[in-house]
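Below is the file target18.tsv, which contains TSV, C-alpha atoms.
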chain	number	residue	atom	x	y	z
Z	1	MET	CA	21.62	2.51	16.62
Z	2	ASP	CA	22.02	-1.10	17.70
Z	3	ILE	CA	21.35	-4.11	15.51
Z	4	MET	CA	17.97	-4.90	17.08
Z	5	SER	CA	16.78	-1.32	16.52
Z	6	ALA	CA	17.80	-1.55	12.87
Z	7	MET	CA	15.87	-4.79	12.51
Z	8	ASN	CA	12.85	-3.25	14.24
Z	9	VAL	CA	12.83	-0.24	11.90
Z	10	SER	CA	13.03	-2.55	8.88
Z	11	ALA	CA	10.23	-4.72	10.29
Z	12	GLN	CA	8.05	-1.61	10.54
Z	13	GLY	CA	8.87	-0.91	6.89
Z	14	LEU	CA	7.89	-4.47	5.94
Z	15	THR	CA	4.52	-4.05	7.63
Z	16	ALA	CA	3.86	-0.69	5.97
Z	17	GLU	CA	4.89	-1.85	2.49
Z	18	SER	CA	2.86	-5.04	2.87
Z	19	LEU	CA	-0.24	-2.92	3.50
Z	20	ARG	CA	0.63	-0.81	0.45
Z	21	MET	CA	0.87	-3.93	-1.73
Z	22	ARG	CA	-2.43	-5.32	-0.42
Z	23	THR	CA	-4.13	-1.98	-1.05
Z	24	ALA	CA	-2.84	-1.82	-4.64
Z	25	ALA	CA	-4.04	-5.39	-5.21
Z	26	GLU	CA	-7.46	-4.48	-3.80
Z	27	ASN	CA	-7.65	-1.48	-6.12
Z	28	ILE	CA	-6.75	-3.60	-9.16
Z	29	ALA	CA	-9.28	-6.25	-8.19
Z	30	ASN	CA	-12.05	-3.64	-7.91
Z	31	GLN	CA	-11.26	-1.59	-11.03
Z	32	ASN	CA	-14.60	-2.57	-12.59
Z	33	SER	CA	-16.78	-2.54	-9.47
Z	34	VAL	CA	-19.61	-0.11	-10.10
Z	35	ARG	CA	-20.85	-0.55	-6.51
Z	36	ASP	CA	-18.82	-0.46	-3.31
Z	37	SER	CA	-19.45	-2.80	-0.38
Z	38	ALA	CA	-22.13	-0.44	0.98
Z	39	GLY	CA	-23.87	-0.34	-2.41
Z	40	THR	CA	-23.89	3.45	-2.44
Z	41	GLY	CA	-21.68	4.16	-5.44
Z	42	PRO	CA	-18.69	2.97	-7.41
Z	43	TYR	CA	-15.61	1.66	-5.65
Z	44	ARG	CA	-13.04	4.38	-5.02
Z	45	ALA	CA	-9.33	3.65	-5.19
Z	46	ARG	CA	-7.70	3.47	-1.76
Z	47	GLN	CA	-4.48	5.25	-0.85
Z	48	VAL	CA	-2.09	4.40	1.97
Z	49	PHE	CA	-0.63	7.26	3.97
Z	50	PHE	CA	2.57	6.83	5.96
Z	51	LYS	CA	3.95	8.72	8.91
Z	52	SER	CA	7.36	8.72	10.58
Z	53	VAL	CA	7.49	7.24	14.04
Z	54	LEU	CA	10.23	8.01	16.57
Z	55	ASP	CA	11.24	5.28	19.01
Z	56	LYS	CA	11.99	7.37	22.11
Z	57	GLN	CA	14.13	4.66	23.70
Z	58	THR	CA	16.51	4.19	20.78
Z	59	GLY	CA	16.05	7.42	18.82
Z	60	ALA	CA	15.39	5.39	15.65
Z	61	MET	CA	12.95	6.73	13.08
Z	62	GLY	CA	10.57	4.15	11.68
Z	63	VAL	CA	7.55	4.26	9.46
Z	64	GLN	CA	3.96	3.38	10.06
Z	65	ALA	CA	0.84	3.39	7.92
Z	66	SER	CA	-1.25	6.16	9.43
Z	67	LYS	CA	-4.40	5.49	7.42
Z	68	VAL	CA	-5.91	3.98	4.31
Z	69	ALA	CA	-8.42	6.33	2.74
Z	70	PRO	CA	-10.42	6.47	-0.49
Z	71	ASP	CA	-9.10	8.75	-3.22
Z	72	MET	CA	-11.67	11.51	-3.39
Z	73	LYS	CA	-9.56	13.81	-5.61
Z	74	THR	CA	-9.34	11.69	-8.74
Z	75	PRO	CA	-12.65	11.80	-10.65
Z	76	LEU	CA	-14.67	8.68	-11.34
Z	77	GLN	CA	-14.76	7.38	-14.91
Z	78	ALA	CA	-18.05	7.94	-16.70
Z	79	LYS	CA	-18.86	5.47	-19.46
Z	80	TYR	CA	-21.86	5.19	-21.72
Z	81	ASP	CA	-23.47	1.81	-21.03
Z	82	PRO	CA	-27.27	2.10	-21.29
Z	83	GLY	CA	-27.80	-1.65	-20.76
Z	84	ASN	CA	-26.14	-1.58	-17.34
Z	85	PRO	CA	-28.63	-1.70	-14.46
Z	86	PHE	CA	-26.60	1.01	-12.70
Z	87	ALA	CA	-26.82	3.46	-15.62
Z	88	ASP	CA	-28.45	6.83	-15.00
Z	89	THR	CA	-31.22	8.28	-17.19
Z	90	GLN	CA	-28.69	9.24	-19.91
Z	91	GLY	CA	-27.15	5.72	-19.91
Z	92	ILE	CA	-23.98	6.81	-18.09
Z	93	VAL	CA	-22.40	4.47	-15.54
Z	94	GLN	CA	-19.85	5.75	-13.03
Z	95	TYR	CA	-16.83	3.43	-12.83
Z	96	PRO	CA	-14.05	3.46	-10.23
Z	97	ASN	CA	-11.21	5.94	-10.33
Z	98	VAL	CA	-8.66	3.10	-10.42
Z	99	ASP	CA	-5.82	3.49	-12.91
Z	100	PRO	CA	-4.22	0.05	-13.37
Z	101	THR	CA	-0.94	1.59	-14.54
Z	102	VAL	CA	-0.64	3.69	-11.39
Z	103	GLU	CA	-1.55	0.69	-9.23
Z	104	ASN	CA	1.08	-1.47	-10.93
Z	105	VAL	CA	3.71	1.22	-10.34
Z	106	ASN	CA	2.62	1.46	-6.68
Z	107	MET	CA	2.90	-2.32	-6.41
Z	108	LYS	CA	6.42	-2.30	-7.90
Z	109	GLU	CA	7.54	0.53	-5.59
Z	110	ALA	CA	6.15	-1.31	-2.57
Z	111	GLN	CA	7.84	-4.52	-3.68
Z	112	ARG	CA	11.22	-2.81	-4.04
Z	113	ALA	CA	10.89	-1.10	-0.67
Z	114	TYR	CA	9.84	-4.44	0.87
Z	115	ASP	CA	12.88	-6.14	-0.67
Z	116	ALA	CA	15.15	-3.36	0.60
Z	117	ASN	CA	13.81	-3.81	4.13
Z	118	LEU	CA	14.34	-7.57	3.89
Z	119	ALA	CA	17.92	-6.98	2.77
Z	120	ALA	CA	18.49	-4.62	5.72
Z	121	ILE	CA	17.15	-7.24	8.14
Z	122	ASP	CA	19.34	-9.89	6.54
Z	123	THR	CA	22.41	-7.65	6.83
Z	124	ALA	CA	21.67	-6.86	10.49
Z	125	ARG	CA	21.16	-10.57	11.19
Z	126	SER	CA	24.42	-11.42	9.47
Z	127	MET	CA	26.25	-8.76	11.51
Z	128	ALA	CA	24.79	-10.14	14.75
Z	129	LEU	CA	25.82	-13.69	13.84
Z	130	ARG	CA	29.35	-12.60	12.96
Z	131	THR	CA	29.59	-10.73	16.26
Z	132	ILE	CA	28.46	-13.83	18.15
Z	133	ASP	CA	31.02	-15.94	16.24
Z	134	MET	CA	33.78	-13.51	17.24
Z	135	ILE	CA	32.80	-13.73	20.91
Z	136	LYS	CA	32.96	-17.56	20.93

Structure re-expressed in structure tokens:
Amino acid sequence: MDIMSAMNVSAQGLTAESLRMRTAAENIANQNSVRDSAGTGPYRARQVFFKSVLDKQTGAMGVQASKVAPDMKTPLQAKYDPGNPFADTQGIVQYPNVDPTVENVNMKEAQRAYDANLAAIDTARSMALRTIDMIK
């Protein structure tokens, strides 16, 4: 794998991890939203799904965010709040299925992966500059 391919793979990682961080931030920001943007129900936590991508020219394996989808497996949180205008007849309000602890862990993992990709780009750049200096 040449230096530019290594930098390209790391750049793909930066893009994917950036989306993961933005999604975690969105989930944290909406942890108390009892209505989504369509007004149909509570906000549902979003999850980012990745897939491996093969660059046929270089043979390098990169990563790409394949989709961002709402978490339909984790149940919503039901809380008794009869004064809420969105409460049902029993006074129960459905709150988002956002777990701030999980979102903070996701944010930290994305940050570390982002930093690792930056370090890989910096190393590849340094190698390219040293090679150019040797040629001079």

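When the distance limit is 9 Å and all atoms listed in the file are what count, the residues near Gln111 in chain Z, minus those fewer than 6 positions from it on the same chain, are Glu17, Ser18 and Met21 of chain Z.
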
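When all atoms listed in the file are used to measure the gap to Arg22 in chain Z, the shortest distance among Z:Asn97, Z:Lys108, Z:Ala128, Z:Asn8 belongs to Z:Lys108.
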
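Taking CA of Lys136 in chain Z and CA of Ala11 in chain Z as endpoints, the distance between them is 28.2 Å.
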
Ala120 in chain Z environment, 10 Å, all atoms listed in the file, sequence neighbours closer than 2 positions dropped, as a CSV table (one decimal) with C-alpha atoms, in the frame of the given file:
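Output saved as part-v4.csv:
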chain,number,residue,atom,x,y,z
Z,6,ALA,CA,17.8,-1.6,12.9
Z,7,MET,CA,15.9,-4.8,12.5
Z,9,VAL,CA,12.8,-0.2,11.9
Z,10,SER,CA,13.0,-2.6,8.9
Z,11,ALA,CA,10.2,-4.7,10.3
Z,114,TYR,CA,9.8,-4.4,0.9
Z,115,ASP,CA,12.9,-6.1,-0.7
Z,116,ALA,CA,15.2,-3.4,0.6
Z,117,ASN,CA,13.8,-3.8,4.1
Z,118,LEU,CA,14.3,-7.6,3.9
Z,122,ASP,CA,19.3,-9.9,6.5
Z,123,THR,CA,22.4,-7.6,6.8
Z,124,ALA,CA,21.7,-6.9,10.5
Z,125,ARG,CA,21.2,-10.6,11.2
Z,126,SER,CA,24.4,-11.4,9.5

Given all atoms listed in the file, how would the per-residue table for range 1-38 of chain Z near range 51-64 of chain Z read, listing every residue at most 7 Å away with its closest atom pair and distance in Å to one decimal, sorted by chain and number, as a tab-separated table?
residue	atom	partner	partner_atom	distance
Z:Met1	CA	Z:Thr58	CA	6.8
Z:Ser5	CA	Z:Ala60	CA	6.9
Z:Val9	CA	Z:Gly62	CA	4.9
Z:Gln12	CA	Z:Val63	CA	6.0
Z:Gly13	CA	Z:Val63	CA	5.9
Z:Ala16	CA	Z:Gln64	CA	5.8

From Z:Ile92, Z:Met134, Z:Phe86, Z:Leu19, residue lying nearest Gly39 in chain Z [only C-alpha atoms]: Z:Phe86

Requested file, range 68-79 of chain Z restricted to N, CA and C atoms, as a PDB file, in the first residue's frame:
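As written to disk, out_25.pdb reads:
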ATOM      1  N   VAL Z  68     -27.434   5.503   8.870  1.00  0.00           N
ATOM      2  CA  VAL Z  68     -27.768   5.952  10.222  1.00  0.00           C
ATOM      3  C   VAL Z  68     -29.248   5.637  10.383  1.00  0.00           C
ATOM      4  N   ALA Z  69     -29.561   4.812  11.373  1.00  0.00           N
ATOM      5  CA  ALA Z  69     -30.942   4.358  11.540  1.00  0.00           C
ATOM      6  C   ALA Z  69     -31.370   4.481  12.998  1.00  0.00           C
ATOM      7  N   PRO Z  70     -32.656   4.686  13.222  1.00  0.00           N
ATOM      8  CA  PRO Z  70     -33.149   4.741  14.607  1.00  0.00           C
ATOM      9  C   PRO Z  70     -33.059   3.370  15.275  1.00  0.00           C
ATOM     10  N   ASP Z  71     -32.790   3.393  16.562  1.00  0.00           N
ATOM     11  CA  ASP Z  71     -32.703   2.168  17.361  1.00  0.00           C
ATOM     12  C   ASP Z  71     -34.114   1.720  17.714  1.00  0.00           C
ATOM     13  N   MET Z  72     -34.579   0.709  17.024  1.00  0.00           N
ATOM     14  CA  MET Z  72     -35.933   0.210  17.262  1.00  0.00           C
ATOM     15  C   MET Z  72     -35.952  -0.956  18.255  1.00  0.00           C
ATOM     16  N   LYS Z  73     -34.773  -1.459  18.645  1.00  0.00           N
ATOM     17  CA  LYS Z  73     -34.707  -2.604  19.559  1.00  0.00           C
ATOM     18  C   LYS Z  73     -34.813  -2.187  21.025  1.00  0.00           C
ATOM     19  N   THR Z  74     -34.154  -1.099  21.372  1.00  0.00           N
ATOM     20  CA  THR Z  74     -34.167  -0.644  22.757  1.00  0.00           C
ATOM     21  C   THR Z  74     -35.522  -0.002  23.052  1.00  0.00           C
ATOM     22  N   PRO Z  75     -36.175  -0.423  24.129  1.00  0.00           N
ATOM     23  CA  PRO Z  75     -37.514   0.132  24.417  1.00  0.00           C
ATOM     24  C   PRO Z  75     -37.449   1.598  24.846  1.00  0.00           C
ATOM     25  N   LEU Z  76     -38.533   2.295  24.589  1.00  0.00           N
ATOM     26  CA  LEU Z  76     -38.666   3.673  25.048  1.00  0.00           C
ATOM     27  C   LEU Z  76     -38.817   3.673  26.563  1.00  0.00           C
ATOM     28  N   GLN Z  77     -38.562   4.807  27.194  1.00  0.00           N
ATOM     29  CA  GLN Z  77     -38.678   4.923  28.647  1.00  0.00           C
ATOM     30  C   GLN Z  77     -40.044   5.514  28.996  1.00  0.00           C
ATOM     31  N   ALA Z  78     -40.803   4.784  29.742  1.00  0.00           N
ATOM     32  CA  ALA Z  78     -42.130   5.258  30.167  1.00  0.00           C
ATOM     33  C   ALA Z  78     -42.001   5.891  31.548  1.00  0.00           C
ATOM     34  N   LYS Z  79     -42.507   7.136  31.661  1.00  0.00           N
ATOM     35  CA  LYS Z  79     -42.452   7.838  32.941  1.00  0.00           C
ATOM     36  C   LYS Z  79     -43.840   8.399  33.261  1.00  0.00           C
TER      37      LYS Z  79
END
